[in-house]
$ cat final_5.cif   # mmCIF, C-alpha atoms and all ligand atoms
data_final
loop_
_atom_site.label_atom_id
_atom_site.label_comp_id
_atom_site.auth_asym_id
_atom_site.auth_seq_id
_atom_site.Cartn_x
_atom_site.Cartn_y
_atom_site.Cartn_z
CA MET A 1 10.62 -18.29 -7.80
CA LYS A 2 7.53 -17.82 -5.66
CA ARG A 3 5.03 -15.23 -6.82
CA ILE A 4 3.98 -12.31 -4.63
CA LEU A 5 1.20 -9.83 -5.22
CA THR A 6 0.53 -6.63 -3.38
CA GLY A 7 -1.17 -3.41 -4.26
CA ASP A 8 -2.33 0.09 -3.54
CA ARG A 9 -5.66 1.81 -4.00
CA THR A 10 -5.26 4.54 -6.55
CA THR A 11 -6.72 7.36 -4.49
CA GLY A 12 -3.76 9.74 -4.43
CA LYS A 13 -0.01 9.98 -4.23
CA LEU A 14 1.96 7.84 -1.80
CA HIS A 15 3.80 9.27 1.21
CA LEU A 16 6.66 8.46 3.58
CA GLY A 17 4.34 6.23 5.62
CA HIS A 18 3.85 4.06 2.54
CA TYR A 19 7.58 4.11 1.89
CA VAL A 20 8.53 2.96 5.37
CA GLY A 21 5.63 0.51 5.69
CA SER A 22 5.70 -1.20 2.32
CA LEU A 23 7.50 0.35 -0.66
CA LYS A 24 10.99 -0.03 0.81
CA ASN A 25 10.28 -3.68 1.46
CA ARG A 26 8.96 -4.22 -2.08
CA VAL A 27 12.25 -3.02 -3.53
CA ALA A 28 14.04 -5.76 -1.60
CA LEU A 29 11.41 -8.43 -2.34
CA GLN A 30 11.58 -7.99 -6.12
CA GLU A 31 15.00 -9.68 -6.07
CA GLN A 32 13.63 -12.76 -4.33
CA TYR A 33 10.16 -13.14 -5.79
CA GLU A 34 8.28 -12.77 -9.01
CA THR A 35 6.54 -9.53 -8.05
CA PHE A 36 3.10 -8.35 -9.13
CA ILE A 37 1.98 -4.84 -8.16
CA LEU A 38 -1.72 -4.16 -8.44
CA LEU A 39 -2.96 -0.64 -9.12
CA ALA A 40 -6.32 -1.13 -7.44
CA ASP A 41 -8.53 1.32 -9.30
CA ILE A 42 -11.72 -0.71 -8.78
CA GLN A 43 -11.09 -0.88 -5.06
CA ALA A 44 -10.48 2.88 -5.17
CA LEU A 45 -14.04 3.26 -6.45
CA THR A 46 -15.40 1.77 -3.22
CA THR A 47 -14.66 5.05 -1.45
CA HIS A 48 -13.99 7.47 -4.32
CA PHE A 49 -16.72 6.60 -6.83
CA GLU A 50 -17.63 10.28 -7.03
CA ASN A 51 -14.15 11.23 -8.13
CA PRO A 52 -13.19 9.05 -11.12
CA LYS A 53 -10.76 11.64 -12.50
CA LEU A 54 -8.72 11.50 -9.31
CA ILE A 55 -8.61 7.71 -9.58
CA ASN A 56 -7.40 7.95 -13.17
CA SER A 57 -4.55 10.38 -12.43
CA SER A 58 -3.68 8.32 -9.34
CA ILE A 59 -3.09 5.24 -11.48
CA TYR A 60 -0.13 7.12 -12.96
CA ASP A 61 0.86 8.69 -9.64
CA VAL A 62 0.94 5.40 -7.76
CA ALA A 63 2.74 3.60 -10.59
CA ILE A 64 5.33 6.38 -10.72
CA ASP A 65 5.72 6.33 -6.91
CA ASN A 66 6.48 2.60 -7.11
CA LEU A 67 8.87 3.01 -10.03
CA SER A 68 10.65 5.98 -8.44
CA VAL A 69 11.53 4.16 -5.25
CA GLY A 70 13.26 1.50 -7.31
CA LEU A 71 10.82 -1.14 -8.48
CA ASN A 72 12.26 -2.37 -11.73
CA PRO A 73 9.74 -2.54 -14.59
CA GLU A 74 11.85 -5.23 -16.25
CA LYS A 75 11.27 -7.53 -13.31
CA VAL A 76 7.98 -6.39 -11.83
CA THR A 77 4.54 -6.81 -13.38
CA PHE A 78 2.36 -3.73 -12.94
CA ILE A 79 -1.35 -4.44 -13.24
CA GLN A 80 -4.33 -2.13 -13.60
CA GLN A 81 -7.11 -3.89 -11.73
CA SER A 82 -9.92 -2.75 -14.04
CA LEU A 83 -8.12 -4.28 -17.03
CA ILE A 84 -8.34 -7.78 -15.57
CA PRO A 85 -11.75 -9.39 -16.27
CA SER A 86 -10.80 -12.57 -14.40
CA ILE A 87 -10.67 -10.55 -11.15
CA ALA A 88 -14.25 -9.40 -11.71
CA GLU A 89 -15.41 -12.91 -12.57
CA LEU A 90 -13.74 -14.55 -9.58
CA THR A 91 -15.23 -11.84 -7.35
CA VAL A 92 -18.71 -12.92 -8.40
CA PHE A 93 -17.98 -16.62 -7.81
CA TYR A 94 -16.39 -15.92 -4.42
CA SER A 95 -19.27 -13.68 -3.38
CA MET A 96 -21.56 -16.72 -3.29
CA LEU A 97 -19.37 -18.22 -0.57
CA THR A 98 -19.05 -15.12 1.58
CA THR A 99 -21.69 -14.16 4.12
CA VAL A 100 -22.65 -10.57 4.75
CA ASN A 101 -22.07 -11.11 8.47
CA SER A 102 -18.49 -12.24 7.96
CA LEU A 103 -17.84 -9.00 6.07
CA ARG A 104 -19.62 -6.90 8.69
CA HIS A 105 -17.41 -8.45 11.38
CA ASN A 106 -14.16 -7.86 9.48
CA PRO A 107 -12.23 -5.52 11.87
CA THR A 108 -10.63 -3.49 9.07
CA ILE A 109 -13.99 -2.96 7.37
CA LYS A 110 -15.44 -1.85 10.72
CA THR A 111 -12.62 0.62 11.36
CA GLU A 112 -12.82 2.04 7.84
CA MET A 113 -16.60 2.42 8.02
CA LYS A 114 -16.14 4.54 11.15
CA GLN A 115 -13.27 6.46 9.60
CA TYR A 116 -15.28 7.34 6.50
CA GLY A 117 -18.37 8.05 8.60
CA PHE A 118 -20.57 5.62 6.67
CA LYS A 119 -24.03 5.40 8.21
CA ASP A 120 -25.04 2.86 5.64
CA VAL A 121 -22.53 1.07 3.46
CA THR A 122 -22.51 0.15 -0.21
CA TYR A 123 -22.51 -3.43 -1.36
CA GLY A 124 -19.24 -2.68 -3.18
CA PHE A 125 -17.44 -1.31 -0.15
CA LEU A 126 -18.63 -4.04 2.21
CA GLY A 127 -17.57 -6.63 -0.32
CA TYR A 128 -14.13 -5.35 -1.24
CA PRO A 129 -12.36 -8.10 0.74
CA VAL A 130 -14.01 -10.57 -1.67
CA SER A 131 -12.65 -8.65 -4.63
CA GLN A 132 -9.26 -8.57 -2.90
CA ALA A 133 -9.35 -12.36 -2.61
CA ALA A 134 -9.80 -12.38 -6.39
CA ASP A 135 -6.90 -9.89 -6.82
CA ILE A 136 -4.60 -12.31 -5.07
CA THR A 137 -5.80 -15.62 -6.49
CA PHE A 138 -6.42 -14.85 -10.16
CA CYS A 139 -2.67 -15.17 -10.68
CA SER A 140 -1.99 -17.81 -7.99
CA ALA A 141 0.09 -15.48 -5.81
CA GLN A 142 1.56 -17.50 -2.95
CA LEU A 143 2.60 -14.62 -0.71
CA VAL A 144 1.03 -11.24 -0.05
CA PRO A 145 3.26 -8.56 1.53
CA VAL A 146 0.96 -6.48 3.72
CA GLY A 147 0.71 -4.50 6.94
CA ASP A 148 -1.33 -5.80 9.86
CA ASP A 149 -4.47 -3.86 8.86
CA GLN A 150 -4.76 -6.19 5.84
CA LEU A 151 -4.54 -9.43 7.82
CA PRO A 152 -8.32 -9.77 8.26
CA HIS A 153 -8.69 -9.53 4.47
CA LEU A 154 -6.09 -12.20 3.97
CA GLU A 155 -7.76 -14.48 6.48
CA GLN A 156 -11.04 -13.96 4.65
CA ALA A 157 -9.34 -14.73 1.32
CA ARG A 158 -7.88 -17.95 2.71
CA LYS A 159 -11.26 -19.03 3.99
CA ILE A 160 -12.90 -18.36 0.63
CA VAL A 161 -10.22 -20.32 -1.18
CA ARG A 162 -10.50 -23.31 1.13
CA ARG A 163 -14.26 -23.38 0.73
CA PHE A 164 -14.02 -22.91 -3.03
CA ASN A 165 -11.47 -25.69 -3.41
CA ALA A 166 -13.46 -28.07 -1.22
CA LEU A 167 -16.61 -27.42 -3.26
CA TYR A 168 -15.29 -27.47 -6.80
CA MET A 169 -11.62 -28.20 -7.26
CA ASP A 170 -9.37 -31.24 -7.05
CA GLU A 171 -5.72 -31.32 -5.97
CA THR A 172 -4.36 -30.60 -9.43
CA SER A 173 -6.66 -27.70 -10.23
CA ALA A 174 -6.94 -26.12 -6.76
CA ILE A 175 -6.74 -22.36 -6.28
CA VAL A 176 -3.55 -21.44 -4.43
CA GLU A 177 -4.20 -20.51 -0.80
CA PRO A 178 -2.21 -17.31 -0.23
CA GLU A 179 -0.18 -16.47 2.85
CA ALA A 180 0.60 -13.08 4.35
CA LEU A 181 4.14 -11.82 4.34
CA LEU A 182 3.68 -9.51 7.29
CA SER A 183 5.63 -6.29 7.36
CA GLU A 184 6.81 -5.85 10.95
CA VAL A 185 7.58 -2.15 10.69
CA PRO A 186 5.51 -0.04 13.07
CA ARG A 187 3.21 2.51 11.47
CA LEU A 188 4.78 5.90 10.85
CA ILE A 189 3.11 8.54 13.03
CA GLY A 190 1.97 11.83 11.50
CA LEU A 191 4.00 15.04 11.75
CA ASP A 192 1.18 16.39 13.91
CA GLY A 193 1.53 13.55 16.41
CA ASN A 194 -1.51 11.71 15.05
CA SER A 195 -0.96 7.96 15.34
CA LYS A 196 -0.91 7.57 11.56
CA MET A 197 0.47 9.45 8.60
CA GLY A 198 -2.44 9.73 6.20
CA LYS A 199 -3.55 11.55 3.13
CA SER A 200 -6.92 12.43 4.60
CA LEU A 201 -5.30 13.59 7.86
CA GLY A 202 -3.24 16.32 6.17
CA ASN A 203 -0.09 15.33 8.03
CA ALA A 204 1.89 13.57 5.33
CA ILE A 205 5.17 14.12 3.50
CA TYR A 206 4.69 12.86 -0.05
CA LEU A 207 7.39 11.11 -2.02
CA SER A 208 6.69 13.76 -4.65
CA ASP A 209 7.17 16.75 -2.29
CA ASP A 210 10.11 18.95 -3.24
CA ALA A 211 12.90 19.85 -0.81
CA GLU A 212 11.32 23.15 0.26
CA VAL A 213 7.93 21.58 0.95
CA VAL A 214 9.64 18.95 3.10
CA ARG A 215 11.44 21.70 5.02
CA ASP A 216 8.18 23.53 5.58
CA LYS A 217 6.32 20.46 6.77
CA VAL A 218 9.09 19.37 9.13
CA ARG A 219 9.27 22.91 10.54
CA LYS A 220 5.62 22.59 11.61
CA ALA A 221 6.05 19.17 13.23
CA VAL A 222 5.03 18.79 16.86
CA THR A 223 7.85 18.67 19.41
CA ASP A 224 7.91 18.23 23.20
CA THR A 225 5.30 20.79 24.31
CA ASN A 226 6.98 21.16 27.73
CA ARG A 227 10.10 22.50 26.12
CA ILE A 228 9.31 26.18 25.76
CA SER A 229 12.71 27.78 25.41
CA ILE A 230 15.93 26.47 23.95
CA ALA A 231 17.45 26.46 27.44
CA ASP A 232 14.87 23.91 28.67
CA LYS A 233 15.89 20.28 28.61
CA GLY A 234 13.80 18.34 26.12
CA ASN A 235 12.19 14.91 26.28
CA PRO A 236 12.63 13.01 23.01
CA ASP A 237 10.01 10.50 24.17
CA ASN A 238 7.40 13.23 23.73
CA CYS A 239 8.59 14.46 20.38
CA VAL A 240 7.49 13.46 16.90
CA VAL A 241 10.72 14.72 15.38
CA SER A 242 12.72 12.25 17.46
CA VAL A 243 10.61 9.36 16.10
CA TYR A 244 11.49 10.52 12.60
CA HIS A 245 15.19 10.82 13.43
CA LYS A 246 15.13 7.20 14.56
CA ILE A 247 13.81 6.13 11.17
CA PHE A 248 15.38 8.58 8.74
CA ASN A 249 18.59 9.56 10.56
CA SER A 250 19.31 6.46 12.63
CA ASP A 251 23.10 6.99 12.79
CA GLN A 252 22.62 10.27 14.61
CA TYR A 253 19.59 9.27 16.66
CA ASP A 254 21.31 8.56 20.01
CA ASN A 255 23.47 11.60 19.68
CA ILE A 256 20.56 13.92 18.93
CA CYS A 257 18.48 12.54 21.80
CA GLU A 258 21.36 13.12 24.22
CA MET A 259 21.80 16.69 23.03
CA CYS A 260 18.05 17.35 23.29
CA LYS A 261 17.93 15.99 26.85
CA ASN A 262 20.82 18.27 27.80
CA ALA A 263 19.49 21.34 26.00
CA GLN A 264 22.51 21.31 23.69
CA ILE A 265 20.45 21.40 20.52
CA GLY A 266 17.39 23.50 19.78
CA CYS A 267 14.29 22.29 17.99
CA ALA A 268 14.99 24.39 14.91
CA THR A 269 18.44 22.85 14.42
CA CYS A 270 17.11 19.40 15.18
CA LYS A 271 14.38 19.84 12.55
CA ASN A 272 16.91 21.11 10.08
CA GLU A 273 18.97 17.93 10.55
CA LEU A 274 15.87 15.85 9.95
CA THR A 275 14.99 17.82 6.82
CA ILE A 276 18.44 17.11 5.44
CA SER A 277 18.09 13.36 6.10
CA ILE A 278 14.66 13.10 4.53
CA ASN A 279 15.75 15.10 1.51
CA GLN A 280 18.77 12.84 1.13
CA LEU A 281 16.45 9.86 1.03
CA LEU A 282 14.07 11.54 -1.42
CA SER A 283 16.66 13.04 -3.74
CA PRO A 284 17.31 9.93 -5.90
CA ILE A 285 13.60 9.13 -5.80
CA ARG A 286 12.86 12.62 -7.17
CA GLU A 287 15.33 12.09 -9.97
CA LYS A 288 13.63 8.89 -11.09
CA ARG A 289 10.22 10.51 -10.73
CA CYS A 290 11.31 13.30 -13.01
CA TYR A 291 12.28 10.74 -15.65
CA PHE A 292 8.95 8.89 -15.50
CA GLU A 293 6.88 12.09 -15.22
CA SER A 294 8.30 13.22 -18.52
CA ASN A 295 7.78 9.76 -20.05
CA LYS A 296 4.11 9.12 -19.28
CA ALA A 297 3.78 7.05 -22.46
CA LEU A 298 6.39 4.67 -21.07
CA VAL A 299 4.50 4.38 -17.77
CA LYS A 300 1.32 3.60 -19.68
CA GLU A 301 3.20 0.98 -21.70
CA ILE A 302 4.54 -0.64 -18.50
CA ILE A 303 1.01 -0.88 -17.08
CA LEU A 304 -0.59 -2.16 -20.29
CA GLU A 305 2.13 -4.73 -20.88
CA GLY A 306 1.95 -5.96 -17.30
CA SER A 307 -1.83 -6.18 -17.48
CA ASN A 308 -1.63 -8.18 -20.70
CA ARG A 309 0.76 -10.63 -19.11
CA ALA A 310 -1.53 -10.89 -16.08
CA ASN A 311 -4.54 -11.53 -18.32
CA LEU A 312 -2.89 -14.57 -19.88
CA ILE A 313 -2.59 -16.06 -16.41
CA GLY A 314 -6.06 -14.88 -15.32
CA ASN A 315 -7.79 -16.30 -18.39
CA GLU A 316 -6.26 -19.69 -17.70
CA THR A 317 -7.47 -19.54 -14.11
CA ILE A 318 -10.99 -18.72 -15.24
CA ALA A 319 -11.04 -21.54 -17.77
CA ARG A 320 -9.99 -23.97 -15.05
CA VAL A 321 -12.52 -22.59 -12.58
CA LYS A 322 -15.45 -22.58 -15.02
CA ASN A 323 -14.67 -26.10 -15.99
CA ALA A 324 -14.59 -27.25 -12.38
CA MET A 325 -17.81 -25.38 -11.61
CA HIS A 326 -19.56 -27.08 -14.53
CA LEU A 327 -20.18 -23.74 -16.19
CA SER A 328 -18.69 -24.75 -19.51
CA LEU A 329 -20.89 -26.50 -22.02
N1 LIG B 401 -6.49 -2.98 0.39
C1 LIG B 401 -5.12 -2.68 0.10
C2 LIG B 401 -4.77 -1.37 0.82
O1 LIG B 401 -5.64 -0.59 1.12
C3 LIG B 401 -4.84 -2.53 -1.37
C4 LIG B 401 -5.03 -3.81 -2.13
C5 LIG B 401 -5.95 -4.07 -3.10
C6 LIG B 401 -4.27 -5.02 -1.96
N2 LIG B 401 -5.83 -5.32 -3.56
C7 LIG B 401 -4.82 -5.94 -2.90
C8 LIG B 401 -3.21 -5.40 -1.13
C9 LIG B 401 -4.33 -7.26 -2.98
C10 LIG B 401 -2.73 -6.71 -1.23
C11 LIG B 401 -3.27 -7.62 -2.15
O2 LIG B 401 -3.61 -1.13 1.06
#

$ encode --input "final_5.cif" --output "structure tokens"
Amino acid sequence: MKRILTGDRTTGKLHLGHYVGSLKNRVALQEQYETFILLADIQALTTHFENPKLINSSIYDVAIDNLSVGLNPEKVTFIQQSLIPSIAELTVFYSMLTTVNSLRHNPTIKTEMKQYGFKDVTYGFLGYPVSQAADITFCSAQLVPVGDDQLPHLEQARKIVRRFNALYMDETSAIVEPEALLSEVPRLIGLDGNSKMGKSLGNAIYLSDDAEVVRDKVRKAVTDTNRISIADKGNPDNCVVSVYHKIFNSDQYDNICEMCKNAQIGCATCKNELTISINQLLSPIREKRCYFESNKALVKEIILEGSNRANLIGNETIARVKNAMHLSL
């Protein structure tokens, strides 16, 4: 079985955008691959260093989000990034081979710097792609399931690995060069029509939202602004709710669009249908969440056990690397 590793920054709970874009896929992948899920608490510090308590509670939240959607703790290895010293050590070694300019030109870093309004940038933030290369390679992950925003990081990781191997390693000891397993799903737009559903944008439905909260959020979603009264014919192409029907209520999508175009269904009814579909999706997820929320000790155990297992692999990698780099006496 090939090994895959992917992860989430622990900066808050996960939402439907995460579900559609990655979590759903992970549930399928765990059957095919040895799956490692990284709870990236160190990477969370790059933007949230002033809020360590949020990062701590988010380690649980993100783990529970992953478990609730159906990742099986018997099969999947959950890893807390800060518990893995080999990641920190590899980060230092890799940093010698990474120029500041290559990080400054990384398109995702550029976009995020704008998004966070950084005038200057910390060494830690600018360098997180280096740390991410270590996340992936400490355990020799062959494939990395990611969305397209992460591709520049993966390219950077591959470059680092090639350079590192050429400098220090031979064929038998080489660091595994990871490949992206690109998720082709388009990004879920926000309920407010913003191009992205995001925590910081205040337009997200969380996997942990209860049925009434979902109803409330869907009720406020932006619809075709030209459709003022129920008698007006609507244009689903200009309506956020229709995008959501396509994803969460695909069986009814064509039907609902036709009715909207012919003014046979009003926006309130249409939103109600969507609410029902989303709540149907979330209902079993809520049940599992409830189980793990009331068994926090079990969640902790899953993370500690996974991290221990990961450390056995990481320590071997470091021994091999130090030997090749002539750092062992
Ligand atoms: N940067 C990723 C994100 O924001 C999270 C992440 C951290 C990650 N380490 C990783 C993803 C290693 C894949 C592999 O979503």

$ atom_distance --input "final_5.cif" --atom1 "atom CA of Val240 of chain A" --atom2 "atom CA of Asn194 of chain A"
9.4 Å

$ residues_near_ligand --input "final_5.cif" --ligand "ligand LIG 401 (chain B)" --cutoff "10 Å" --atoms "all atoms listed in the file" --output "VMD selection string"
chain A and resid 4 to 11 18 22 36 to 44 81 108 128 to 137 141 143 to 147 149 to 151 153 to 154 157 178 180

$ write_last_selection --input "final_5.cif" --atoms "C-alpha atoms" --output "mmCIF file, keeping the file's coordinate frame"
data_model
loop_
_atom_site.group_PDB
_atom_site.id
_atom_site.type_symbol
_atom_site.label_atom_id
_atom_site.label_comp_id
_atom_site.auth_asym_id
_atom_site.auth_seq_id
_atom_site.Cartn_x
_atom_site.Cartn_y
_atom_site.Cartn_z
ATOM 1 C CA ILE A 4 3.980 -12.310 -4.630
ATOM 2 C CA LEU A 5 1.200 -9.830 -5.220
ATOM 3 C CA THR A 6 0.530 -6.630 -3.380
ATOM 4 C CA GLY A 7 -1.170 -3.410 -4.260
ATOM 5 C CA ASP A 8 -2.330 0.090 -3.540
ATOM 6 C CA ARG A 9 -5.660 1.810 -4.000
ATOM 7 C CA THR A 10 -5.260 4.540 -6.550
ATOM 8 C CA THR A 11 -6.720 7.360 -4.490
ATOM 9 C CA HIS A 18 3.850 4.060 2.540
ATOM 10 C CA SER A 22 5.700 -1.200 2.320
ATOM 11 C CA PHE A 36 3.100 -8.350 -9.130
ATOM 12 C CA ILE A 37 1.980 -4.840 -8.160
ATOM 13 C CA LEU A 38 -1.720 -4.160 -8.440
ATOM 14 C CA LEU A 39 -2.960 -0.640 -9.120
ATOM 15 C CA ALA A 40 -6.320 -1.130 -7.440
ATOM 16 C CA ASP A 41 -8.530 1.320 -9.300
ATOM 17 C CA ILE A 42 -11.720 -0.710 -8.780
ATOM 18 C CA GLN A 43 -11.090 -0.880 -5.060
ATOM 19 C CA ALA A 44 -10.480 2.880 -5.170
ATOM 20 C CA GLN A 81 -7.110 -3.890 -11.730
ATOM 21 C CA THR A 108 -10.630 -3.490 9.070
ATOM 22 C CA TYR A 128 -14.130 -5.350 -1.240
ATOM 23 C CA PRO A 129 -12.360 -8.100 0.740
ATOM 24 C CA VAL A 130 -14.010 -10.570 -1.670
ATOM 25 C CA SER A 131 -12.650 -8.650 -4.630
ATOM 26 C CA GLN A 132 -9.260 -8.570 -2.900
ATOM 27 C CA ALA A 133 -9.350 -12.360 -2.610
ATOM 28 C CA ALA A 134 -9.800 -12.380 -6.390
ATOM 29 C CA ASP A 135 -6.900 -9.890 -6.820
ATOM 30 C CA ILE A 136 -4.600 -12.310 -5.070
ATOM 31 C CA THR A 137 -5.800 -15.620 -6.490
ATOM 32 C CA ALA A 141 0.090 -15.480 -5.810
ATOM 33 C CA LEU A 143 2.600 -14.620 -0.710
ATOM 34 C CA VAL A 144 1.030 -11.240 -0.050
ATOM 35 C CA PRO A 145 3.260 -8.560 1.530
ATOM 36 C CA VAL A 146 0.960 -6.480 3.720
ATOM 37 C CA GLY A 147 0.710 -4.500 6.940
ATOM 38 C CA ASP A 149 -4.470 -3.860 8.860
ATOM 39 C CA GLN A 150 -4.760 -6.190 5.840
ATOM 40 C CA LEU A 151 -4.540 -9.430 7.820
ATOM 41 C CA HIS A 153 -8.690 -9.530 4.470
ATOM 42 C CA LEU A 154 -6.090 -12.200 3.970
ATOM 43 C CA ALA A 157 -9.340 -14.730 1.320
ATOM 44 C CA PRO A 178 -2.210 -17.310 -0.230
ATOM 45 C CA ALA A 180 0.600 -13.080 4.350
#

$ atom_distance --input "final_5.cif" --atom1 "atom CA of Ile59 of chain A" --atom2 "atom CA of Arg215 of chain A"
27.5 Å

$ atom_distance --input "final_5.cif" --atom1 "atom CA of Leu329 of chain A" --atom2 "atom CA of Val176 of chain A"
25.2 Å

$ closest_residue --input "final_5.cif" --among "A:Asn315, A:Ser208, A:Asn262, A:Asn56" --to "Cys290 of chain A" --atoms "only C-alpha atoms"
A:Ser208

$ closest_residue --input "final_5.cif" --among "A:Ile84, A:Val69, A:Asp120, A:Phe49" --to "Leu23 of chain A" --atoms "all atoms listed in the file"
A:Val69

$ closest_residue --input "final_5.cif" --among "A:Asp209, A:Glu184, A:Asp170, A:Glu89" --to "Ala324 of chain A" --atoms "only C-alpha atoms"
A:Asp170

$ decode --input "final_5.cif" --residues "segment 100-107 of chain A" --atoms "all heavy atoms" --output "compact mmCIF listing (two decimals), in the first residue's frame"
# COMPACT_ATOMS: atom_id res chain seq x y z
N VAL A 100 15.51 32.49 0.06
CA VAL A 100 14.44 33.40 0.47
C VAL A 100 13.64 33.86 -0.74
O VAL A 100 12.42 33.94 -0.70
CB VAL A 100 15.05 34.61 1.22
CG1 VAL A 100 13.99 35.65 1.53
CG2 VAL A 100 15.72 34.14 2.51
N ASN A 101 14.33 34.08 -1.85
CA ASN A 101 13.60 34.51 -3.06
C ASN A 101 12.60 33.47 -3.55
O ASN A 101 11.51 33.82 -3.98
CB ASN A 101 14.59 34.84 -4.19
CG ASN A 101 15.02 36.29 -4.12
OD1 ASN A 101 14.29 37.12 -3.54
ND2 ASN A 101 16.16 36.60 -4.68
N SER A 102 13.01 32.19 -3.48
CA SER A 102 12.07 31.16 -3.97
C SER A 102 10.81 31.14 -3.11
O SER A 102 9.72 30.86 -3.60
CB SER A 102 12.75 29.79 -4.00
OG SER A 102 12.91 29.30 -2.68
N LEU A 103 10.95 31.45 -1.83
CA LEU A 103 9.78 31.51 -0.95
C LEU A 103 8.96 32.76 -1.25
O LEU A 103 7.73 32.72 -1.32
CB LEU A 103 10.22 31.49 0.52
CG LEU A 103 10.84 30.17 0.98
CD1 LEU A 103 11.59 30.35 2.30
CD2 LEU A 103 9.77 29.09 1.13
N ARG A 104 9.64 33.86 -1.45
CA ARG A 104 8.95 35.11 -1.76
C ARG A 104 8.15 35.03 -3.06
O ARG A 104 7.17 35.72 -3.24
CB ARG A 104 9.95 36.26 -1.86
CG ARG A 104 10.42 36.76 -0.50
CD ARG A 104 10.95 38.18 -0.63
NE ARG A 104 11.27 38.75 0.66
CZ ARG A 104 10.37 39.29 1.48
NH1 ARG A 104 9.11 39.37 1.12
NH2 ARG A 104 10.73 39.77 2.64
N HIS A 105 8.61 34.18 -3.98
CA HIS A 105 7.93 34.05 -5.27
C HIS A 105 6.87 32.97 -5.27
O HIS A 105 6.17 32.79 -6.26
CB HIS A 105 8.95 33.78 -6.39
CG HIS A 105 9.84 34.94 -6.65
ND1 HIS A 105 11.17 34.82 -6.99
CD2 HIS A 105 9.61 36.27 -6.59
CE1 HIS A 105 11.69 36.01 -7.14
NE2 HIS A 105 10.77 36.92 -6.89
N ASN A 106 6.75 32.23 -4.18
CA ASN A 106 5.73 31.18 -4.10
C ASN A 106 4.34 31.83 -4.16
O ASN A 106 3.99 32.66 -3.31
CB ASN A 106 5.93 30.42 -2.78
CG ASN A 106 4.92 29.32 -2.57
OD1 ASN A 106 3.72 29.54 -2.68
ND2 ASN A 106 5.39 28.13 -2.24
N PRO A 107 3.53 31.51 -5.20
CA PRO A 107 2.26 32.22 -5.42
C PRO A 107 1.29 32.12 -4.23
O PRO A 107 0.57 33.08 -3.94
CB PRO A 107 1.65 31.53 -6.64
CG PRO A 107 2.70 30.68 -7.23
CD PRO A 107 3.80 30.49 -6.22
